[in-house]
$ cat coords-v2.txt   # compact mmCIF, C-alpha atoms and all ligand atoms
# COMPACT_ATOMS: atom_id res chain seq x y z
CA MET K 299 -56.95 -29.07 -5.19
CA SER K 300 -56.85 -25.66 -6.80
CA ASN K 301 -56.87 -24.21 -3.33
CA LEU K 302 -53.89 -26.28 -2.39
CA LEU K 303 -52.03 -25.29 -5.55
CA CYS K 304 -52.83 -21.71 -4.89
CA THR K 305 -51.54 -21.94 -1.34
CA ALA K 306 -48.42 -23.68 -2.55
CA ARG K 307 -47.86 -21.04 -5.17
CA THR K 308 -48.40 -18.24 -2.69
CA TYR K 309 -46.05 -19.92 -0.32
CA ALA K 310 -43.47 -20.25 -3.07
CA LEU K 311 -43.88 -16.63 -4.05
CA ARG K 312 -43.55 -15.57 -0.47
CA ALA K 313 -40.77 -17.93 0.38
CA THR K 314 -38.43 -17.06 -2.43
CA PRO K 315 -38.03 -13.32 -2.02
CA PRO K 316 -37.34 -13.38 1.76
CA SER K 317 -34.68 -16.05 1.41
CA LEU K 318 -32.97 -14.06 -1.35
CA PHE K 319 -33.34 -10.97 0.77
CA GLN K 320 -31.93 -12.79 3.75
CA GLN K 321 -29.00 -13.92 1.67
CA ARG K 322 -28.36 -10.37 0.65
CA VAL K 323 -28.64 -9.09 4.20
CA GLY K 324 -26.32 -11.87 5.31
CA PHE K 325 -23.84 -10.95 2.63
CA ALA K 326 -24.09 -7.26 3.50
CA ILE K 327 -23.46 -8.01 7.18
CA LEU K 328 -20.53 -10.24 6.27
CA SER K 329 -19.07 -7.53 4.02
CA LEU K 330 -19.51 -4.97 6.76
CA LEU K 331 -17.78 -7.22 9.29
CA LEU K 332 -14.89 -7.79 6.88
CA LEU K 333 -14.66 -4.07 6.27
CA LEU K 334 -14.68 -3.28 9.98
CA ALA K 335 -12.02 -5.92 10.54
CA CYS K 336 -9.76 -4.14 8.07
CA ILE K 337 -10.46 -0.51 8.89
CA PRO K 338 -9.39 -0.07 12.54
CA GLY K 339 -5.70 -0.55 11.78
CA ALA K 340 -5.81 1.96 8.96
CA LEU K 341 -7.88 4.48 10.92
CA ALA K 342 -5.85 4.05 14.08
CA HIS K 343 -2.61 4.95 12.42
CA GLY K 344 -2.88 7.19 9.43
CA PHE K 345 -2.79 10.95 9.02
CA LYS K 346 -4.24 13.39 6.52
CA VAL K 347 -3.26 16.84 5.37
CA GLY K 348 -4.85 18.41 2.32
CA ASP K 349 -4.86 15.81 -0.45
CA LEU K 350 -2.17 13.75 1.21
CA GLU K 351 -2.51 10.66 3.36
CA ILE K 352 0.38 9.49 5.48
CA GLU K 353 0.09 5.81 6.21
CA HIS K 354 1.63 3.96 9.13
CA PRO K 355 4.69 5.97 10.12
CA TRP K 356 7.01 3.59 11.93
CA SER K 357 10.49 3.47 13.32
CA ARG K 358 12.65 0.85 14.98
CA ALA K 359 13.92 0.45 18.50
CA THR K 360 17.65 1.18 18.66
CA PRO K 361 20.48 -0.35 20.71
CA PRO K 362 21.84 1.74 23.64
CA GLY K 363 24.06 4.55 22.44
CA ALA K 364 22.74 4.56 18.88
CA LYS K 365 22.78 8.00 17.31
CA VAL K 366 20.43 7.37 14.40
CA ALA K 367 17.08 5.73 13.79
CA GLY K 368 15.18 5.15 10.57
CA GLY K 369 11.70 6.44 9.82
CA TYR K 370 9.29 4.91 7.34
CA PHE K 371 5.80 5.60 5.99
CA THR K 372 3.85 5.83 2.75
CA VAL K 373 2.50 9.09 1.36
CA VAL K 374 -0.52 8.86 -0.93
CA ASN K 375 -1.38 11.90 -3.02
CA LYS K 376 -5.10 11.96 -3.89
CA GLY K 377 -4.86 15.38 -5.48
CA SER K 378 -4.32 16.47 -9.06
CA ALA K 379 -1.10 18.35 -8.35
CA SER K 380 2.22 16.98 -7.23
CA ASP K 381 3.54 17.94 -3.83
CA ARG K 382 6.91 17.74 -2.14
CA LEU K 383 7.98 16.53 1.29
CA LEU K 384 10.38 19.24 2.38
CA SER K 385 11.32 18.58 5.98
CA ILE K 386 10.70 16.56 9.11
CA SER K 387 11.26 17.47 12.72
CA SER K 388 10.88 15.56 15.97
CA ASP K 389 11.79 15.99 19.61
CA ILE K 390 13.49 12.62 19.54
CA SER K 391 16.48 13.84 17.54
CA ASP K 392 18.45 16.96 16.64
CA LYS K 393 17.70 16.49 12.98
CA ALA K 394 15.74 14.35 10.58
CA GLU K 395 16.96 13.87 7.03
CA LEU K 396 15.46 12.39 3.92
CA HIS K 397 17.77 9.77 2.46
CA GLU K 398 17.83 7.79 -0.71
CA MET K 399 19.84 4.71 -1.55
CA GLY K 400 22.22 4.65 -4.44
CA VAL K 401 25.23 2.79 -5.81
CA LYS K 402 28.65 4.42 -5.93
CA ASP K 403 31.68 2.50 -7.17
CA GLY K 404 29.69 -0.71 -6.82
CA VAL K 405 28.86 -0.04 -3.17
CA MET K 406 25.43 0.75 -1.80
CA ILE K 407 25.42 4.16 -0.21
CA MET K 408 22.80 6.50 1.13
CA ARG K 409 22.67 10.19 0.47
CA PRO K 410 20.41 13.09 1.40
CA VAL K 411 17.58 13.83 -1.01
CA GLU K 412 18.15 17.30 -2.42
CA GLY K 413 15.24 19.69 -2.78
CA GLY K 414 12.64 17.50 -1.09
CA LEU K 415 10.90 14.33 -2.12
CA GLU K 416 8.31 14.62 -4.87
CA ILE K 417 4.91 13.01 -4.28
CA PRO K 418 3.36 12.75 -7.76
CA ALA K 419 -0.27 13.70 -8.36
CA GLY K 420 -2.48 10.65 -7.92
CA GLY K 421 0.55 8.62 -6.91
CA LYS K 422 2.30 7.43 -3.80
CA VAL K 423 5.81 7.20 -2.44
CA ALA K 424 6.88 4.58 0.07
CA LEU K 425 9.65 5.31 2.53
CA LYS K 426 10.97 1.95 3.62
CA PRO K 427 14.16 0.15 4.58
CA GLY K 428 16.49 -0.11 1.60
CA ALA K 429 14.80 2.71 -0.30
CA TYR K 430 13.82 6.29 0.44
CA HIS K 431 13.74 6.68 4.19
CA LEU K 432 13.93 9.16 7.01
CA MET K 433 16.95 9.27 9.21
CA PHE K 434 16.58 10.70 12.68
CA THR K 435 20.13 11.85 13.41
CA GLY K 436 21.53 12.95 16.75
CA LEU K 437 19.07 10.89 18.80
CA LYS K 438 18.36 12.44 22.18
CA ARG K 439 17.10 9.13 23.53
CA GLN K 440 16.49 5.63 22.25
CA PRO K 441 13.05 4.98 20.78
CA LYS K 442 11.51 2.02 22.64
CA GLN K 443 9.50 -0.77 21.09
CA GLY K 444 5.77 -0.25 21.58
CA GLU K 445 5.87 3.51 22.10
CA LYS K 446 4.89 6.22 19.65
CA PHE K 447 6.78 9.45 19.25
CA PRO K 448 5.47 12.59 17.54
CA ALA K 449 7.00 14.26 14.54
CA THR K 450 6.04 17.04 12.16
CA LEU K 451 6.18 16.68 8.40
CA THR K 452 6.23 19.74 6.16
CA PHE K 453 4.99 19.58 2.59
CA GLU K 454 5.41 22.33 0.02
CA LYS K 455 1.69 22.69 -0.76
CA ALA K 456 -0.24 20.71 1.84
CA GLY K 457 1.65 22.37 4.70
CA THR K 458 2.57 20.78 8.00
CA VAL K 459 1.06 17.74 9.66
CA LYS K 460 1.75 16.15 13.02
CA VAL K 461 2.18 12.39 12.88
CA GLU K 462 3.22 9.67 15.28
CA PHE K 463 5.87 7.09 14.57
CA ALA K 464 5.08 3.66 16.00
CA VAL K 465 8.27 2.06 17.27
CA GLU K 466 8.64 -1.54 16.26
CA GLY K 467 11.14 -4.18 17.33
CA MET K 468 14.86 -3.83 16.74
CA GLY K 469 14.86 -6.77 14.35
CA GLU K 470 11.86 -5.50 12.40
CA THR K 471 12.75 -5.49 8.73
CA ASP K 472 11.07 -4.96 5.48
CA SER K 473 12.03 -6.47 2.18
CA GLY K 474 15.31 -5.09 0.94
CA ASP K 475 16.61 -3.87 4.28
CA MET K 476 20.31 -3.23 3.92
CA ASP K 477 21.05 -2.80 7.62
CA MET K 478 23.53 -0.10 6.70
CA ASP K 479 25.52 1.95 9.12
CA HIS K 480 25.07 5.66 8.99
CA ALA K 481 28.64 6.77 9.34
CA GLU K 482 28.81 10.51 8.95
CU CU H 1 19.89 6.77 5.86
$ encode --input "coords-v2.txt" --output "structure tokens" --more "lines below"
Ligand SMILES: [Cu+2]
Amino acid sequence: MSNLLCTARTYALRATPPSLFQQRVGFAILSLLLLLACIPGALAHGFKVGDLEIEHPWSRATPPGAKVAGGYFTVVNKGSASDRLLSISSDISDKAELHEMGVKDGVMIMRPVEGGLEIPAGGKVALKPGAYHLMFTGLKRQPKQGEKFPATLTFEKAGTVKVEFAVEGMGETDSGDMDMDHAE
């Protein structure tokens, strides 16, 4: 009887820790799988320079004959000093300008950002349709959906970084897209 109890107790002592352990291992594996499921997208299309991370630069396919295309991405500043996005260049267009949206006489307009775009320390700035954005002007060719085209961003402190803009569909929008013409 005491032998039996002892065996049962031993069994219980043995059985409990492994099952807890197994649960933990299972949870760890699950977490890892979830993590891996999320990471590839971020790793596949993000760029770093100094303390700055440039996330998912993207543009939009343009109709034949279009002279401008938008450019969008998010800059995250992990440093303790602010930086400034000064200029952008790409082979796809003669120029690339930083634009901001504003209201003039009750009408939404866009205007060039003067003196570069500040990226606050520990903060981030999103360039997106309807807000700050890049404008590739004087397109040399039409960006095509599915391709990536290279561009170079220059920051005041972090320096220059080569990135690639992923071209998404013509109808691709983001919240707040104004679909504005860029008459110049
Ligand atoms: Cu613009």
$ residues_near_ligand --input "coords-v2.txt" --ligand "ligand CU 1 (chain H)" --cutoff "10 Å" --atoms "only C-alpha atoms and all ligand atoms" --output "MDAnalysis selection string"
chainID K and resid 366:369 394:399 407:410 427:435 477:481
$ closest_residue --input "coords-v2.txt" --among "K:Lys402, K:Arg322, K:Lys438, K:His354" --to "K:Asp389" --atoms "only C-alpha atoms"
K:Lys438
$ closest_atom_pairs --input "coords-v2.txt" --of "stretch 336-429 of chain K" --to "stretch 446-460 of chain K" --cutoff "8 Å" --atoms "all atoms listed in the file" --output "CSV"
residue,atom,partner,partner_atom,distance
K:Phe345,CA,K:Val459,CA,7.8
K:Lys346,CA,K:Val459,CA,7.5
K:Val347,CA,K:Ala456,CA,6.0
K:Gly348,CA,K:Ala456,CA,5.2
K:Asp349,CA,K:Ala456,CA,7.1
K:Leu350,CA,K:Ala456,CA,7.3
K:Asp381,CA,K:Lys455,CA,6.0
K:Arg382,CA,K:Glu454,CA,5.3
K:Leu383,CA,K:Phe453,CA,4.5
K:Leu384,CA,K:Phe453,CA,5.4
K:Ser385,CA,K:Thr452,CA,5.2
K:Ile386,CA,K:Leu451,CA,4.6
K:Ser387,CA,K:Thr450,CA,5.3
K:Ser388,CA,K:Ala449,CA,4.3
K:Asp389,CA,K:Ala449,CA,7.2
K:Ile390,CA,K:Phe447,CA,7.4
$ closest_residue --input "coords-v2.txt" --among "K:Ala419, K:Gln321, K:Val405, K:Leu425" --to "K:Thr372" --atoms "all atoms listed in the file"
K:Leu425
$ atom_distance --input "coords-v2.txt" --atom1 "atom CA of K:Glu470" --atom2 "atom CA of K:Glu412"
27.9 Å
$ atom_distance --input "coords-v2.txt" --atom1 "atom CA of K:Gly363" --atom2 "atom CA of K:Lys442"
12.8 Å
